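So this block is entry.csv, CSV, C-alpha atoms:
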chain,number,residue,atom,x,y,z
A,1,GLN,CA,99.6,110.5,100.6
A,2,VAL,CA,99.9,109.2,97.1
A,3,GLN,CA,97.7,110.8,94.5
A,4,LEU,CA,96.7,108.9,91.3
A,5,VAL,CA,95.7,110.7,88.1
A,6,GLU,CA,94.3,108.7,85.3
A,7,SER,CA,93.9,109.9,81.7
A,8,GLY,CA,93.5,108.8,78.1
A,9,GLY,CA,90.0,107.5,78.0
A,10,GLY,CA,87.4,108.4,75.5
A,11,LEU,CA,84.8,107.2,73.0
A,12,VAL,CA,86.0,104.6,70.5
A,13,GLN,CA,84.4,102.2,68.0
A,14,PRO,CA,84.5,98.5,68.5
A,15,GLY,CA,87.9,97.2,67.3
A,16,GLY,CA,89.6,100.4,68.1
A,17,SER,CA,92.4,101.2,70.5
A,18,LEU,CA,93.2,103.5,73.4
A,19,ARG,CA,96.2,104.1,75.6
A,20,LEU,CA,95.5,105.0,79.3
A,21,SER,CA,98.0,106.6,81.6
A,22,CYS,CA,98.2,106.8,85.4
A,23,ALA,CA,100.6,109.2,87.1
A,24,ALA,CA,101.4,108.7,90.7
A,25,SER,CA,102.9,111.1,93.2
A,26,GLY,CA,105.1,110.0,96.0
A,27,SER,CA,108.6,108.5,96.0
A,28,ILE,CA,107.8,104.8,96.5
A,29,PHE,CA,106.1,104.0,93.2
A,30,SER,CA,108.8,101.7,91.9
A,31,ASP,CA,108.5,99.4,94.9
A,32,TYR,CA,104.9,98.4,94.2
A,33,THR,CA,103.1,96.1,91.9
A,34,MET,CA,100.6,98.4,90.0
A,35,GLY,CA,97.4,97.5,88.5
A,36,TRP,CA,94.6,98.8,86.3
A,37,TYR,CA,91.1,98.2,87.5
A,38,ARG,CA,87.7,99.0,85.9
A,39,ARG,CA,84.2,99.4,87.1
A,40,ALA,CA,81.5,98.8,84.5
A,41,PRO,CA,77.9,100.1,85.0
A,42,GLY,CA,76.1,98.0,87.6
A,43,LYS,CA,79.2,95.9,88.3
A,44,GLN,CA,81.9,95.8,91.0
A,45,ARG,CA,85.4,97.1,90.4
A,46,GLU,CA,87.7,94.4,88.9
A,47,LEU,CA,91.4,94.1,88.4
A,48,VAL,CA,92.2,93.7,84.7
A,49,ALA,CA,96.0,93.9,84.6
A,50,ARG,CA,98.9,94.2,86.9
A,51,ILE,CA,102.7,94.7,86.6
A,52,THR,CA,105.4,94.0,89.2
A,53,SER,CA,108.2,96.4,90.0
A,54,GLY,CA,110.4,94.1,87.8
A,55,GLY,CA,108.0,94.2,84.9
A,56,SER,CA,106.2,90.8,85.1
A,57,THR,CA,102.6,91.1,84.0
A,58,ASN,CA,99.3,89.3,84.6
A,59,TYR,CA,96.0,89.8,82.9
A,60,ALA,CA,92.3,88.9,83.5
A,61,ASP,CA,91.1,86.4,81.0
A,62,SER,CA,88.7,88.9,79.5
A,63,VAL,CA,91.5,91.2,78.3
A,64,LYS,CA,94.3,88.7,77.7
A,65,GLY,CA,95.9,89.2,74.3
A,66,ARG,CA,94.2,92.6,73.8
A,67,PHE,CA,95.5,94.7,76.6
A,68,THR,CA,99.2,95.4,77.6
A,69,ILE,CA,100.3,97.0,80.8
A,70,SER,CA,103.6,98.8,81.2
A,71,ARG,CA,105.3,101.2,83.5
A,72,ASP,CA,107.9,103.9,83.6
A,73,ASN,CA,109.3,104.1,87.1
A,74,ALA,CA,111.3,107.3,86.4
A,75,LYS,CA,108.1,109.0,85.4
A,76,LYS,CA,106.0,107.2,88.1
A,77,THR,CA,103.5,106.3,85.5
A,78,VAL,CA,101.7,103.1,84.5
A,79,TYR,CA,100.1,102.6,81.1
A,80,LEU,CA,97.4,100.4,79.7
A,81,GLN,CA,97.4,99.9,75.9
A,82,MET,CA,94.0,98.6,74.9
A,83,ASN,CA,93.5,97.1,71.5
A,84,THR,CA,90.6,95.4,69.8
A,85,LEU,CA,88.2,97.1,72.2
A,86,GLU,CA,84.8,95.6,72.7
A,87,PRO,CA,81.6,97.1,74.0
A,88,GLU,CA,82.1,95.0,77.2
A,89,ASP,CA,85.2,97.0,77.9
A,90,THR,CA,83.1,100.1,78.6
A,91,ALA,CA,83.9,101.2,82.1
A,92,VAL,CA,85.7,103.7,84.3
A,93,TYR,CA,89.3,102.7,84.5
A,94,TYR,CA,91.4,103.3,87.6
A,95,CYS,CA,94.9,102.5,88.7
A,96,ASN,CA,96.2,101.5,92.2
A,97,THR,CA,98.5,99.0,93.8
A,98,ALA,CA,97.7,95.4,93.0
A,99,PRO,CA,96.3,92.9,93.8
A,100,VAL,CA,95.2,94.8,96.8
A,101,PRO,CA,94.5,98.5,96.3
A,102,LEU,CA,96.5,100.2,99.1
A,103,TRP,CA,96.5,103.8,98.1
A,104,GLY,CA,93.5,105.9,98.8
A,105,PRO,CA,91.5,107.7,97.9
A,106,TRP,CA,91.0,106.4,94.4
A,107,GLY,CA,91.7,108.7,91.6
A,108,GLN,CA,88.9,110.1,89.5
A,109,GLY,CA,89.3,107.4,86.9
A,110,THR,CA,89.1,107.8,83.1
A,111,GLN,CA,85.9,106.8,81.2
A,112,VAL,CA,86.3,104.4,78.3
A,113,THR,CA,83.2,104.0,76.1
A,114,VAL,CA,83.2,101.5,73.3
A,115,SER,CA,80.3,102.0,71.0
A,116,SER,CA,79.5,102.3,67.3
Serialized structure, structure tokens:
Amino acid sequence: QVQLVESGGGLVQPGGSLRLSCAASGSIFSDYTMGWYRRAPGKQRELVARITSGGSTNYADSVKGRFTISRDNAKKTVYLQMNTLEPEDTAVYYCNTAPVPLWGPWGQGTQVTVSS
């Protein structure tokens, strides 16, 4: 069973930056497209960024140009660099395989709050 541990969230002012990390256990991490998801209050969980095993990336329109996803297969870790944060980015952020989350249960997530 793969375990996912997200970290790096926090409280940041609009326009600020954060870098999230997600560490995965298991030996098959490098074979999978990985994604960052988020769940905002009162909304469904949505996929915001994904990266293939070869490093190709794709972003939701709402974060394109502001967020950058990357991965380190040796460390079994996927990152999300978030710049120019907006209040609308406030959510709990999770990682999993993408575009279909195959690994369960979900990690605990990491809270990102963008507020002045």
Quick one, how far is CA of Ala40 in chain A from CA of Ser115 in chain A?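 Atom-to-atom, CA of Ala40 in chain A and CA of Ser115 in chain A are spaced 13.9 Å apart.
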Have a look at A:Ser70, A:Gln44, A:Gln13, A:Thr77 and name the one nearest to Thr113 in chain A; count all atoms listed in the file. A:Gln13
Looking at A:Val2, A:Val63, A:Ala98, A:Ile28, which one is nearest to Gln81 in chain A, with distances taken over all atoms listed in the file?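 Nearest candidate to Gln81 in chain A out of A:Val2, A:Val63, A:Ala98, A:Ile28: A:Val63.
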Identify which of the residues A:Tyr79, A:Phe29, A:Tyr93, A:Trp36 lies closest to Gly10 in chain A, counting all atoms listed in the file when measuring atom-to-atom distances.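 The closest residue to Gly10 in chain A is A:Tyr93.
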Contacts of Val92 in chain A within 6 Å, all atoms listed in the file, excl. fewer than 6 positions in-chain, as a ChimeraX atom specification: /A:38-39,109-111
Just the selected residues (C-alpha atoms), exported as a PDB file, in the coordinates of the input, please.
ATOM      1  CA  ARG A  38      87.700  99.000  85.900  1.00  0.00           C
ATOM      2  CA  ARG A  39      84.200  99.400  87.100  1.00  0.00           C
ATOM      3  CA  GLY A 109      89.300 107.400  86.900  1.00  0.00           C
ATOM      4  CA  THR A 110      89.100 107.800  83.100  1.00  0.00           C
ATOM      5  CA  GLN A 111      85.900 106.800  81.200  1.00  0.00           C
TER       6      GLN A 111
END
Do a neighbour search on Glu6 in chain A at 9 Å with all atoms listed in the file, toss out local chain neighbours closer than 6 positions, and write the hits as a list in words.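 Here the qualifying residues turn out to be Leu20, Ser21, Cys22, Ala23, Ala24, Tyr93, Tyr94, Cys95, Gly107, Gln108, Gly109 and Thr110 of chain A.
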Kindly give the distance, in Å, that separates CA of Leu85 in chain A and CA of Gly16 in chain A, rounded to a single decimal.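 For CA of Leu85 in chain A relative to CA of Gly16 in chain A, the distance reads 5.4 Å.
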Can you measure CA of Ser30 in chain A to CA of Thr90 in chain A for me? One decimal in Å is fine.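 CA of Thr90 in chain A lies at a distance of 29.0 Å from CA of Ser30 in chain A.
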Leaving out range 52-56 of chain A and any residue of its chain fewer than 4 positions from it, which residues lie within 6 Å of it when counting only C-alpha atoms, given as an MDAnalysis selection string? chainID A and resid 30:33
Restricting the calculation to only C-alpha atoms, which member of A:Gly8, A:Pro14, A:Val112, A:Arg19 is positioned closest to Ala91 in chain A? A:Val112
Test item: residues at most 7 Å from Arg66 in chain A, all atoms listed in the file, excluding those fewer than 3 positions along its chain, as a list of chain:residue names: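 Close residues of Arg66 in chain A: A:Val63, A:Met82, A:Asn83, A:Thr84.
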Nearest to Val48 in chain A: which of A:Val78, A:Ser7, A:Asp89, A:Val114 is it, counting all atoms listed in the file?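 Going through A:Val78, A:Ser7, A:Asp89, A:Val114 one by one, the smallest distance to Val48 in chain A is for A:Asp89.
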Which residue, A:Pro87, A:Gln1, A:Gly26, A:Ala74, has the smallest gap to Ser116 in chain A when you use only C-alpha atoms?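 When distances to Ser116 in chain A are compared using only C-alpha atoms, the smallest one comes from A:Pro87.
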